[in-house]
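Student: Quick one: this structure, given as structure tokens, is what I'll be asking you about.
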Amino acid sequence: MSHVLAERLLTLVGPGRILHYACRDTSLLSALLQRGCDAEAWVIDPLVECPQLDQRLSRVASTSDSAGFDIVVVDGSAGIQATDLRTLLTSLRVNAKRTLVLDLSDAVSTIRSTGKWNGLDNIQIEAAAIAAGYRRHPAAFPASRYERLDDPSPEVLLCFEKVPDAVLERWPIDGLIGADGGRPDMSREVGPKSDMQFVRYALAAEWIRPGDTVLDCACGAGYGSALLAAASRGRHFIGVDSQGQAIAYARDHFAGYPIEFREMPSLALDFLPAHSIDMVVSFDTIEQQEDHQRFLSEIARVLKPDGRVLCNVSCRSPDKELPGPTPDPLTYFDYVPFHEALSHHFIIEARYRQTAPCGIAHAHAPRRLQQIPLSATIDCEAQWWIVVAAADPARDSQTRYSHPEFDSSMIGTHAELTAFATHYDNPWLYRQLIQNGQRIRDPDVLAAAVDTAVSCADKTSADFGGLLAVRAYAVLRQHDVSQQYAVLASIEDYLQIATNNPHVHRWQLSLCYVAGLIALDSGQRNRGKKFLEAVVGLDPDRFSPLLTTKTVAACFLLGMIALVDGDQENARASFEAGIGAARRALHAPDENAIGRPDRPLTFGFFELAEIADMAGQCAMAIHGIDQYRYAPGQFWRCVDAKRFGLFTWIRNLETEHARMQSEINRMQSENNKLRLGCTLRSLLPKRLQEVFTSILPLLARRAWTKLMAMARLVRNSGRQD
């Protein structure tokens, strides 16, 4: 458990110099040391016997110690039972440079085993930490946490960020809101309203792509901008607000984040050049604008052609009495006018319904953030609608192109791998419609956008090839025979193009491979073999050694087909060809595989690893080829042991990123059920309790395995098709 706890801790607050305060054994300390942290353990009282403590790694706490630790982890046995938690946390400020973590795993274990807890709840603990000069940690609020907060019992880890002493003196807790009563810092408040604001920014962080420049429009006190920076892989953040006091507060409190805070009257964005922002986040803003269409037009102006906007609107009853003249419906109504207003400028990609126990009318509403499919009829109430929308890459296709994640890896090289501006007619299509993990997530919206782009694209261009590949993989998943025949015909036409464009060649090879899969899926076995043989005949190095993933996969498939057909000689030859192709790719120069060695591409080594992984399958097939005749099941278990490539990621990679959030929400719901189950356990007879207890670890292991598998897929989501 200590290794699991260490991983959770590092995931939330990262590595550093760590103090484990009031620890009772060194298991967490050892786990942190093994991960490269500089960790130390302190006992509270030298008279307390702690035989589990390694005295070489621990010592008695001393008030003379300076603030030499990046992170202080407080064992719950000291923190949660302290007579005055605020006093304890205040005393630890001198030891913590940036982060305080309360480890409440014992409290959670007590709840799970007994179904009871008489200690402090989440809100009381957070309130004590805020009063002691900390704030809720921006990186410690994933969107999946929101619903869990309906249960007030403690969580395993509660994380807080230290507010520097000088900043705390300038901005005391009782002076947060200011004389005008606006722009509170929700990171220094607790309860439903704070949770409701935090989860919006946590959701927005999930939509930020690596390297993005992000604008937080109406950033207020800056806590949301800090969350975006702490919880995403964006590179540069800009916070804009019309209130000078809020901007001054944000600059003081979040100076350590890569955020540029600006005071702009009426949220004017004139200072931003056209097409300079990758993502705009704006909450509780549009409905406050006198001319919301003008505001949306300005957002569209600053967004890049492959950018995104994420914003919300509050839902108020249309028959509610409002002061003054009747406003535009958008300022008080519901989802439909909000959708229509955004649709004038953007492609609606996703929508979320949010509720919270806020206000008199919704005092008993649950904390919910639920994605509602765009195709579904709205039959549920919402307090807020949050919408994600994509810029249309066809509108400003002549804008100078840059890829925020990849460009820095290719400066000074002659690689063609990510030279989209050179080899695409409209390179802005790439991230928005083609690139795995970054394109439009809704399958129906993506398909419609691809169809529109295909109708306008030159059929000999890289643009057309990339769009056709997206369509082909969608058809492969749908198993629609009529669509399969049509897309195979389009692929065969594209394969006839003679070209010097390496990206056209890239799509020809990729399309040849997926065509083989489609043909096999539709029962056209000989046609599928011909496509796969054509893949092996094309040189991946004309584009990049990384394209060898398709070559090795094709060799493996051809080997399996030959084995099934009883042709062991050709099967062996195909497996050997896969190994040969992998060896050539793994010996290729760095330039067109990983980019600059000092700033490598994020996906290069993962795809090289995939090539080696699939070559390992070919090697296992060669070693077990004789076994296939008398133990084919054992043969398959051996060659299918590494499922990094081939069928598994073909099926799953396209959909896993979009499914991950709903899966996490489902797992959170299951976790709540498990918590209830632990309560019921105490009511069961002893023998049934034992059975029940034995089932829980199995469920937990399955959930953990599934989550880790999804995490690996998302981690590699930047890879090429």
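In the structure tokens, the first chain shown is A, the next is B, and so on; residue numbers restart at 1 for each chain, and ligands run from 1 in the order shown.
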What residues in segment 204-396 of chain A get the DSSP label helix (DSSP H, G or I)? Please answer as an MDAnalysis selection string.
Tutor: chainID A and resid 204:207 223:231 244:253 265:267 286:288 292:302 329:331 335:343
Student: Determine, counting only C-alpha atoms, which protein, DNA and RNA residues have an atom within 10 Å of an atom of segment 274-277 of chain A; residues of the same chain fewer than 3 positions away are not included. Present the result as number ranges by chain.
Tutor: A: 212-215, 236-238, 269-271, 280, 298-309, 396, 399-401
Student: Mind listing the strand (DSSP E) residues of segment 237-478 of chain A, per DSSP on the backbone, as a PyMOL selection string?
Tutor: chain A and resi 237-241+259-263+277-282+303-314+347-355+368-371+384-390
Student: Could you give me, as a PDB file with N, CA and C atoms, in the first residue's frame, the residues within 10 Å of Tyr424 of chain A, counting only C-alpha atoms and dropping anything in the same chain fewer than 5 positions from it?
Tutor:
ATOM      1  N   ALA A 419       6.441  18.191 -40.445  1.00  0.00           N
ATOM      2  CA  ALA A 419       6.471  19.374 -41.320  1.00  0.00           C
ATOM      3  C   ALA A 419       5.109  19.559 -41.987  1.00  0.00           C
ATOM      4  N   LEU A 429      -6.020  21.506 -40.396  1.00  0.00           N
ATOM      5  CA  LEU A 429      -6.891  20.342 -40.279  1.00  0.00           C
ATOM      6  C   LEU A 429      -6.294  19.279 -39.366  1.00  0.00           C
ATOM      7  N   TYR A 430      -4.958  19.294 -39.241  1.00  0.00           N
ATOM      8  CA  TYR A 430      -4.289  18.147 -38.635  1.00  0.00           C
ATOM      9  C   TYR A 430      -4.703  17.932 -37.187  1.00  0.00           C
ATOM     10  N   SER A 461      -3.848  15.224 -52.210  1.00  0.00           N
ATOM     11  CA  SER A 461      -3.126  15.923 -51.145  1.00  0.00           C
ATOM     12  C   SER A 461      -2.962  15.053 -49.905  1.00  0.00           C
ATOM     13  N   ALA A 462      -2.038  15.467 -49.030  1.00  0.00           N
ATOM     14  CA  ALA A 462      -1.901  14.821 -47.726  1.00  0.00           C
ATOM     15  C   ALA A 462      -3.145  15.060 -46.880  1.00  0.00           C
ATOM     16  N   ASP A 463      -3.773  16.216 -47.063  1.00  0.00           N
ATOM     17  CA  ASP A 463      -5.006  16.516 -46.337  1.00  0.00           C
ATOM     18  C   ASP A 463      -6.036  15.422 -46.585  1.00  0.00           C
ATOM     19  N   PHE A 464      -6.253  15.106 -47.854  1.00  0.00           N
ATOM     20  CA  PHE A 464      -7.248  14.105 -48.222  1.00  0.00           C
ATOM     21  C   PHE A 464      -6.873  12.737 -47.639  1.00  0.00           C
ATOM     22  N   GLY A 466      -5.065  12.025 -44.927  1.00  0.00           N
ATOM     23  CA  GLY A 466      -5.284  11.985 -43.481  1.00  0.00           C
ATOM     24  C   GLY A 466      -6.755  11.893 -43.130  1.00  0.00           C
ATOM     25  N   ASN A 501       5.645  13.771 -52.090  1.00  0.00           N
ATOM     26  CA  ASN A 501       5.251  14.321 -50.795  1.00  0.00           C
ATOM     27  C   ASN A 501       5.327  13.204 -49.753  1.00  0.00           C
ATOM     28  N   HIS A 503       4.288  13.019 -46.779  1.00  0.00           N
ATOM     29  CA  HIS A 503       3.064  12.826 -45.999  1.00  0.00           C
ATOM     30  C   HIS A 503       1.977  12.139 -46.822  1.00  0.00           C
ATOM     31  N   VAL A 504       1.971  12.349 -48.126  1.00  0.00           N
ATOM     32  CA  VAL A 504       1.071  11.553 -48.978  1.00  0.00           C
ATOM     33  C   VAL A 504       1.490  10.091 -48.917  1.00  0.00           C
TER      34      VAL A 504
END
Student: Using Å and a single decimal, report how far atom CA of Asp151 of chain A sits from atom CA of Arg112 of chain A.
Tutor: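 Interatomic distance here is 13.2 Å.
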Student: Looking at only C-alpha atoms, which of A:Leu5, A:Leu100, A:Ala127, A:Ile561 is the one that sits closest to Leu19 of chain A?
Tutor: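 Closest residue, counting only C-alpha atoms: A:Leu100.
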